[in-house]
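Pasting query_23.csv here (CSV, C-alpha atoms):
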chain,number,residue,atom,x,y,z
A,425,MET,CA,24.5,81.1,60.7
A,426,ASP,CA,24.1,78.8,57.7
A,427,ASN,CA,26.3,75.9,56.7
A,428,ARG,CA,28.0,78.0,54.0
A,429,THR,CA,29.1,80.6,56.5
A,430,ASN,CA,30.4,77.8,58.9
A,431,THR,CA,32.4,76.3,56.0
A,432,ILE,CA,34.1,79.6,55.1
A,433,ALA,CA,34.9,80.2,58.8
A,434,GLY,CA,36.3,76.8,59.1
A,435,TRP,CA,38.6,77.2,56.1
A,436,VAL,CA,39.8,80.6,57.4
A,437,LEU,CA,40.6,79.1,60.8
A,438,ALA,CA,42.4,76.2,59.1
A,439,GLY,CA,44.4,78.5,57.0
A,440,MET,CA,45.5,80.6,59.9
A,441,GLY,CA,46.5,77.5,61.8
A,442,ALA,CA,48.5,76.2,58.9
A,443,ALA,CA,50.3,79.6,58.6
A,444,LEU,CA,51.1,79.6,62.3
A,445,GLY,CA,52.5,76.1,62.1
A,446,LEU,CA,54.6,76.8,59.1
A,447,SER,CA,56.0,79.9,60.9
A,448,ILE,CA,57.0,77.9,63.9
A,449,VAL,CA,58.6,75.2,61.8
A,450,GLY,CA,60.5,77.8,59.7
A,451,GLY,CA,61.8,79.5,62.8
A,452,MET,CA,63.1,76.2,64.1
A,453,MET,CA,64.9,75.4,60.8
A,454,PHE,CA,66.2,78.9,60.1
A,455,HIS,CA,67.0,80.4,63.5
A,456,GLU,CA,68.4,83.8,63.8
A,457,GLY,CA,71.9,84.4,65.2
A,458,VAL,CA,75.3,85.9,64.5
A,459,PRO,CA,77.3,83.6,62.2
A,460,GLU,CA,80.7,82.4,63.4
A,461,LYS,CA,82.4,83.4,60.1
A,462,PHE,CA,81.1,85.9,57.6
A,463,GLY,CA,81.2,85.4,53.9
A,464,TYR,CA,81.8,82.3,51.8
A,465,PRO,CA,85.1,80.5,51.4
A,466,ILE,CA,86.8,80.9,47.9
A,467,GLU,CA,88.7,77.8,46.7
A,468,GLY,CA,92.4,78.5,46.3
A,469,ALA,CA,92.4,81.7,48.4
A,470,GLU,CA,94.9,81.8,51.3
A,471,GLU,CA,93.9,83.1,54.7
A,472,THR,CA,96.3,85.7,56.1
A,473,GLY,CA,97.0,86.9,59.6
A,474,GLY,CA,96.8,83.5,61.3
A,475,ASP,CA,100.2,83.8,62.9
A,476,ALA,CA,101.0,87.5,62.7
A,477,GLY,CA,104.1,87.0,64.8
A,478,ALA,CA,105.7,84.4,62.5
A,479,ALA,CA,108.9,85.7,60.9
A,480,GLU,CA,108.8,86.0,57.1
A,481,VAL,CA,111.5,84.0,55.3
A,482,PRO,CA,113.8,86.4,53.3
A,483,ILE,CA,113.3,86.2,49.5
A,484,ALA,CA,117.1,85.6,49.1
A,485,THR,CA,116.7,82.4,51.2
A,486,LEU,CA,113.8,81.2,49.1
A,487,LEU,CA,115.5,82.0,45.8
A,488,ALA,CA,118.3,79.6,46.7
A,489,THR,CA,115.9,76.7,46.2
A,490,ALA,CA,113.7,78.3,43.5
A,491,ASP,CA,112.6,76.2,40.5
A,492,VAL,CA,112.3,78.0,37.2
A,493,ALA,CA,110.1,75.3,35.7
A,494,LYS,CA,107.6,75.7,38.6
A,495,GLY,CA,107.8,79.4,38.2
A,496,ALA,CA,106.7,79.0,34.6
A,497,GLU,CA,103.6,77.2,35.9
A,498,VAL,CA,102.9,80.0,38.4
A,499,PHE,CA,103.4,82.6,35.6
A,500,LYS,CA,100.4,81.1,33.7
A,501,LYS,CA,98.2,83.2,36.1
A,502,CYS,CA,99.9,86.3,34.7
A,503,ALA,CA,99.7,85.3,31.0
A,504,ALA,CA,96.2,86.7,30.7
A,505,CYS,CA,97.6,90.2,31.0
A,506,HIS,CA,101.3,90.0,30.2
A,507,THR,CA,103.5,88.6,27.5
A,508,ILE,CA,107.1,87.7,28.4
A,509,THR,CA,108.7,86.9,25.0
A,510,GLN,CA,111.4,89.2,23.6
A,511,GLY,CA,109.7,91.8,21.5
A,512,GLY,CA,106.2,90.8,22.7
A,513,ALA,CA,103.4,93.3,22.6
A,514,ASN,CA,102.0,95.0,25.6
A,515,GLY,CA,98.6,93.9,26.7
A,516,ILE,CA,96.5,94.8,29.7
A,517,GLY,CA,99.9,94.9,31.4
A,518,PRO,CA,103.3,95.5,30.0
A,519,ASN,CA,105.6,93.0,28.3
A,520,LEU,CA,107.8,91.5,31.0
A,521,TYR,CA,110.8,90.4,29.0
A,522,ALA,CA,114.1,91.5,30.8
A,523,THR,CA,112.1,93.2,33.6
A,524,MET,CA,114.4,92.1,36.4
A,525,GLY,CA,117.0,94.8,37.0
A,526,ALA,CA,115.1,97.4,34.8
A,527,ALA,CA,113.8,100.7,36.1
A,528,ILE,CA,110.4,100.6,37.7
A,529,ALA,CA,107.5,101.9,35.5
A,530,GLN,CA,109.8,103.0,32.7
A,531,GLY,CA,110.2,101.9,29.1
A,532,LYS,CA,108.2,98.9,27.9
A,533,ALA,CA,107.5,100.5,24.5
A,534,GLY,CA,105.6,103.4,26.0
A,535,TYR,CA,103.3,101.4,28.2
A,536,ALA,CA,101.1,103.8,30.3
A,537,PHE,CA,102.1,103.0,33.9
A,538,SER,CA,100.1,104.5,36.8
A,539,ASP,CA,101.5,107.7,38.4
A,540,VAL,CA,101.8,106.0,41.8
A,541,LEU,CA,104.1,103.3,40.3
A,542,LYS,CA,106.1,105.8,38.4
A,543,ALA,CA,106.6,107.7,41.7
A,544,LYS,CA,108.2,104.6,43.4
A,545,GLY,CA,111.5,105.0,41.6
A,546,GLY,CA,114.3,102.5,41.8
A,547,LYS,CA,114.7,99.2,40.0
A,548,TRP,CA,113.0,95.8,39.9
A,549,ASP,CA,115.5,94.1,42.2
A,550,PHE,CA,114.6,90.9,44.0
A,551,GLU,CA,113.3,92.6,47.1
A,552,ASN,CA,111.1,95.1,45.2
A,553,MET,CA,109.7,92.4,42.9
A,554,SER,CA,108.9,90.2,45.9
A,555,ALA,CA,107.1,93.0,47.6
A,556,TRP,CA,105.2,93.8,44.4
A,557,LEU,CA,104.1,90.2,43.8
A,558,THR,CA,103.1,89.8,47.5
A,559,SER,CA,100.6,92.7,47.2
A,560,PRO,CA,100.7,95.2,44.4
A,561,ARG,CA,98.2,97.4,46.2
A,562,LYS,CA,100.5,97.7,49.3
A,563,PHE,CA,103.6,98.2,47.2
A,564,ALA,CA,102.0,101.0,45.3
A,565,PRO,CA,98.6,102.1,46.7
A,566,GLY,CA,96.4,103.2,43.9
A,567,THR,CA,98.1,101.0,41.2
A,568,LYS,CA,96.0,100.0,38.2
A,569,MET,CA,97.0,96.4,38.7
A,570,THR,CA,94.1,94.4,40.2
A,571,PHE,CA,96.1,91.2,40.9
A,572,ALA,CA,95.6,90.2,44.5
A,573,GLY,CA,99.2,88.9,44.9
A,574,ILE,CA,101.1,85.6,45.6
A,575,GLY,CA,100.9,84.8,49.3
A,576,ASN,CA,103.0,81.6,49.1
A,577,GLY,CA,106.7,82.6,49.5
A,578,GLN,CA,108.1,79.7,47.5
A,579,ASP,CA,105.7,80.2,44.6
A,580,ARG,CA,106.8,83.9,44.6
A,581,ALA,CA,110.5,82.9,44.5
A,582,ASN,CA,109.8,80.4,41.7
A,583,VAL,CA,108.1,83.0,39.5
A,584,ILE,CA,110.8,85.6,40.2
A,585,ALA,CA,113.4,83.1,39.2
A,586,TYR,CA,111.4,82.5,36.0
A,587,LEU,CA,111.2,86.2,35.3
A,588,ASN,CA,114.9,86.6,35.9
A,589,ALA,CA,115.6,83.8,33.3
A,590,GLN,CA,113.7,85.7,30.6
A,591,GLY,CA,116.3,88.1,29.4
A,592,SER,CA,117.7,89.4,32.7
A,593,ASN,CA,119.8,86.7,34.2
A,594,LEU,CA,120.9,88.7,37.3
A,595,PRO,CA,123.0,86.9,39.8
A,596,LEU,CA,120.9,85.6,42.7
A,597,PRO,CA,121.4,87.3,46.0
A,598,ALA,CA,123.3,85.4,48.7
A,599,ALA,CA,121.1,83.9,51.3
A,600,PRO,CA,121.7,85.2,54.8
A,601,ALA,CA,123.5,82.9,57.2
A,602,ALA,CA,121.2,81.1,59.6
A,603,GLY,CA,121.6,82.4,63.1
A,604,ALA,CA,124.4,84.8,62.2
A,605,ALA,CA,125.1,87.3,65.0
A,606,PRO,CA,126.6,90.7,64.4
A,607,THR,CA,130.3,91.1,65.2
A,608,PRO,CA,130.7,93.3,68.3
A,609,GLY,CA,132.6,96.5,67.8
A,610,PRO,CA,135.3,97.9,70.0
A,611,GLN,CA,134.0,98.7,73.5
A,612,PRO,CA,134.5,102.3,74.9
A,613,GLU,CA,137.1,102.7,77.6
A,614,ALA,CA,135.7,103.4,81.1
A,615,GLU,CA,136.2,107.0,82.1
A,616,GLY,CA,137.2,108.6,85.4
A,617,PRO,CA,136.4,112.1,86.7
A,618,ALA,CA,136.1,114.9,84.1
A,619,GLY,CA,136.3,112.4,81.2
A,620,ALA,CA,139.8,111.2,81.9
A,621,PRO,CA,140.6,107.5,81.5
A,622,ALA,CA,140.2,105.6,84.7
A,623,ASN,CA,143.3,103.6,84.2
A,624,PRO,CA,145.8,105.4,81.9
A,625,GLY,CA,148.7,103.4,80.5
A,626,GLY,CA,147.1,100.1,81.4
A,627,LYS,CA,148.6,100.0,84.9
A,628,ALA,CA,146.9,98.1,87.6
A,629,ASP,CA,145.0,100.0,90.1
A,630,PRO,CA,146.6,100.1,93.6
A,631,THR,CA,145.3,97.6,96.1
A,632,THR,CA,144.7,98.0,99.8
A,633,ASP,CA,147.8,96.0,100.5
A,634,ASP,CA,149.9,98.5,98.5
A,635,LEU,CA,148.3,101.4,100.5
A,636,ALA,CA,149.1,99.7,103.8
A,637,ASN,CA,152.7,99.1,102.8
A,638,LYS,CA,153.1,102.8,101.8
A,639,ALA,CA,151.6,104.0,105.1
A,640,ALA,CA,153.8,101.8,107.4
A,641,PRO,CA,157.0,103.6,108.6
A,642,ALA,CA,160.3,102.2,107.7
A,643,THR,CA,162.5,100.4,110.3
A,644,GLY,CA,164.2,103.0,112.7
A,645,ALA,CA,162.0,105.8,111.6
A,646,PRO,CA,160.6,108.1,114.4
A,647,SER,CA,157.1,107.4,115.5
A,648,ILE,CA,154.4,109.7,114.4
A,649,ASP,CA,152.3,109.0,117.5
A,650,PRO,CA,152.1,112.4,119.5
A,651,ALA,CA,151.9,110.6,122.9
A,652,ALA,CA,155.0,108.7,122.2
A,653,ALA,CA,156.8,111.9,121.3
A,654,VAL,CA,155.8,113.5,124.7
A,655,ARG,CA,157.1,110.4,126.6
A,656,GLY,CA,160.4,110.6,124.8
A,657,ALA,CA,160.8,114.3,125.7
A,658,LYS,CA,160.2,113.6,129.4
A,659,GLU,CA,162.8,110.8,129.4
A,660,ASP,CA,165.4,113.1,127.8
A,661,ALA,CA,164.8,115.7,130.5
A,662,LYS,CA,165.6,113.3,133.4
Translate this file's structure into structure tokens.
Amino acid sequence: MDNRTNTIAGWVLAGMGAALGLSIVGGMMFHEGVPEKFGYPIEGAEETGGDAGAAEVPIATLLATADVAKGAEVFKKCAACHTITQGGANGIGPNLYATMGAAIAQGKAGYAFSDVLKAKGGKWDFENMSAWLTSPRKFAPGTKMTFAGIGNGQDRANVIAYLNAQGSNLPLPAAPAAGAAPTPGPQPEAEGPAGAPANPGGKADPTTDDLANKAAPATGAPSIDPAAAVRGAKEDAK
């Protein structure tokens, strides 16, 4: 084997060794395994389902402290698809002037609403608008609206107050009283045999003392003891 062949063999072996070394180092740096969390975080997105048992605050309660000015800021997210001025043109979405209290998916200068939203019926009251803004896809599965929704309850209340101030001006709903308990209704009267009232007329039930008094013979009354009656008959015969 000449020197040229030895040189080529040496380079081949060196290359193989380098490749093996790089493979080992790469395996140490980029080890395989199941990631703890899939996907990439999106800035500004809210995670849901952290505390599934937490009670949701009623929209009527949140509206009591709603800020129309802050709602106008939140509405800027909607301005790409909606106008809200009186007589404004429809865009990707319908014009939203005087929407609160209006019929769902009707009017708006002939805007082409989706059939699923038309089928909802009813009006845009505060509860319906809150549900719609929370998740349009849950409110009307199959809707054309691609907006993900407003997860923050106070932001949602603020933008609803802003919408209401634009040509609707509906009175805000009364917030439910904190810790209010339902008033108990009249209790049914206990029943005796065959459905008859157990204590008609409200009279007190007889006690054992009353029964004892009724069973005791009056003074001077003949004894009801049979043995005593026999003894009395024998004495009379003497």
For Ala493 (chain A), the closest of A:Gly573, A:Ala543, A:Leu557, A:Val583 counting all atoms listed in the file is A:Val583
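A straight line drawn from CA of Phe550 (chain A) to CA of Leu587 (chain A) is 10.5 Å long.
Shell of region 538-540 of chain A at 9 Å, with all atoms listed in the file counted and residues fewer than 3 places along the chain excluded, is Ala529, Ala543, Lys544, Ala564, Pro565, Gly566, Thr567, Lys568 and Met569 of chain A.
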Across A:Ala601, A:Ala496, A:Ala484, A:Met524, the smallest distance to Gly577 (chain A), with all atoms listed in the file counted, is shown by A:Ala484
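The coordinates place CA of Leu444 (chain A) at 24.6 Å from CA of Arg428 (chain A).
Counting all atoms listed in the file and comparing A:Thr523, A:Thr431, A:Asn593, A:Thr489, the residue that lies closest to Asp579 (chain A) is A:Thr489.
Take CA of Arg580 (chain A) and CA of Ser554 (chain A): the distance between them is 6.8 Å.
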What lies within 12 Å of Cys502 (chain A) using all atoms listed in the file, ignoring chain neighbours under 2 positions off, as a PyMOL selection string?
-> chain A and resi 495-500+504-508+515-520+557+569-574+583+587
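Each of A:Gly445, A:Ile432, A:Leu487, A:Met440 was compared to Ala598 (chain A) using all atoms listed in the file, and A:Leu487 turns out to be the nearest.
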Looking at all atoms listed in the file, which of A:Ala503, A:Ala488, A:Met553, A:Val481 is the one that sits closest to Ala527 (chain A)?
-> A:Met553
Some atoms are missing, so please complete region 546-565 of chain A with N, CA, C and O atoms and return it as a CSV table (one decimal), in the frame of the given file.
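Saved as rebuild-v5.csv:
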chain,number,residue,atom,x,y,z
A,546,GLY,N,113.5,103.7,41.6
A,546,GLY,CA,114.3,102.5,41.8
A,546,GLY,C,114.2,101.5,40.7
A,546,GLY,O,113.8,101.8,39.6
A,547,LYS,N,114.7,100.3,41.0
A,547,LYS,CA,114.7,99.2,40.0
A,547,LYS,C,114.0,98.0,40.5
A,547,LYS,O,113.8,97.8,41.7
A,548,TRP,N,113.7,97.1,39.6
A,548,TRP,CA,113.0,95.8,39.9
A,548,TRP,C,114.1,94.9,40.4
A,548,TRP,O,114.5,93.9,39.7
A,549,ASP,N,114.6,95.1,41.6
A,549,ASP,CA,115.5,94.1,42.2
A,549,ASP,C,114.7,93.0,42.8
A,549,ASP,O,113.5,93.0,42.8
A,550,PHE,N,115.3,92.0,43.4
A,550,PHE,CA,114.6,90.9,44.0
A,550,PHE,C,113.7,91.3,45.1
A,550,PHE,O,112.6,90.8,45.3
A,551,GLU,N,114.1,92.2,46.0
A,551,GLU,CA,113.3,92.6,47.1
A,551,GLU,C,112.1,93.4,46.6
A,551,GLU,O,111.0,93.1,47.1
A,552,ASN,N,112.3,94.3,45.7
A,552,ASN,CA,111.1,95.1,45.2
A,552,ASN,C,110.1,94.2,44.4
A,552,ASN,O,108.9,94.3,44.6
A,553,MET,N,110.6,93.2,43.6
A,553,MET,CA,109.7,92.4,42.9
A,553,MET,C,109.0,91.5,43.9
A,553,MET,O,107.8,91.2,43.7
A,554,SER,N,109.6,91.0,44.9
A,554,SER,CA,108.9,90.2,45.9
A,554,SER,C,107.8,90.9,46.6
A,554,SER,O,106.7,90.4,46.8
A,555,ALA,N,108.1,92.2,47.0
A,555,ALA,CA,107.1,93.0,47.6
A,555,ALA,C,105.9,93.3,46.7
A,555,ALA,O,104.8,93.3,47.1
A,556,TRP,N,106.2,93.6,45.4
A,556,TRP,CA,105.2,93.8,44.4
A,556,TRP,C,104.3,92.6,44.2
A,556,TRP,O,103.1,92.7,44.2
A,557,LEU,N,104.9,91.5,44.1
A,557,LEU,CA,104.1,90.2,43.8
A,557,LEU,C,103.4,89.8,45.1
A,557,LEU,O,102.4,89.1,45.0
A,558,THR,N,103.9,90.2,46.3
A,558,THR,CA,103.1,89.8,47.5
A,558,THR,C,101.8,90.6,47.5
A,558,THR,O,100.8,90.0,47.8
A,559,SER,N,101.9,91.9,47.2
A,559,SER,CA,100.6,92.7,47.2
A,559,SER,C,100.9,94.0,46.5
A,559,SER,O,101.5,94.9,47.0
A,560,PRO,N,100.5,94.0,45.2
A,560,PRO,CA,100.7,95.2,44.4
A,560,PRO,C,100.1,96.4,45.0
A,560,PRO,O,100.6,97.5,45.0
A,561,ARG,N,98.9,96.3,45.7
A,561,ARG,CA,98.2,97.4,46.2
A,561,ARG,C,99.0,98.0,47.5
A,561,ARG,O,98.9,99.2,47.8
A,562,LYS,N,99.7,97.2,48.2
A,562,LYS,CA,100.5,97.7,49.3
A,562,LYS,C,101.8,98.3,48.8
A,562,LYS,O,102.3,99.2,49.4
A,563,PHE,N,102.3,97.7,47.8
A,563,PHE,CA,103.6,98.2,47.2
A,563,PHE,C,103.4,99.6,46.6
A,563,PHE,O,104.2,100.5,46.8
A,564,ALA,N,102.3,99.8,45.9
A,564,ALA,CA,102.0,101.0,45.3
A,564,ALA,C,100.5,101.3,45.4
A,564,ALA,O,99.7,101.0,44.5
A,565,PRO,N,100.1,101.8,46.5
A,565,PRO,CA,98.6,102.1,46.7
A,565,PRO,C,98.0,103.0,45.6
A,565,PRO,O,98.6,104.0,45.3
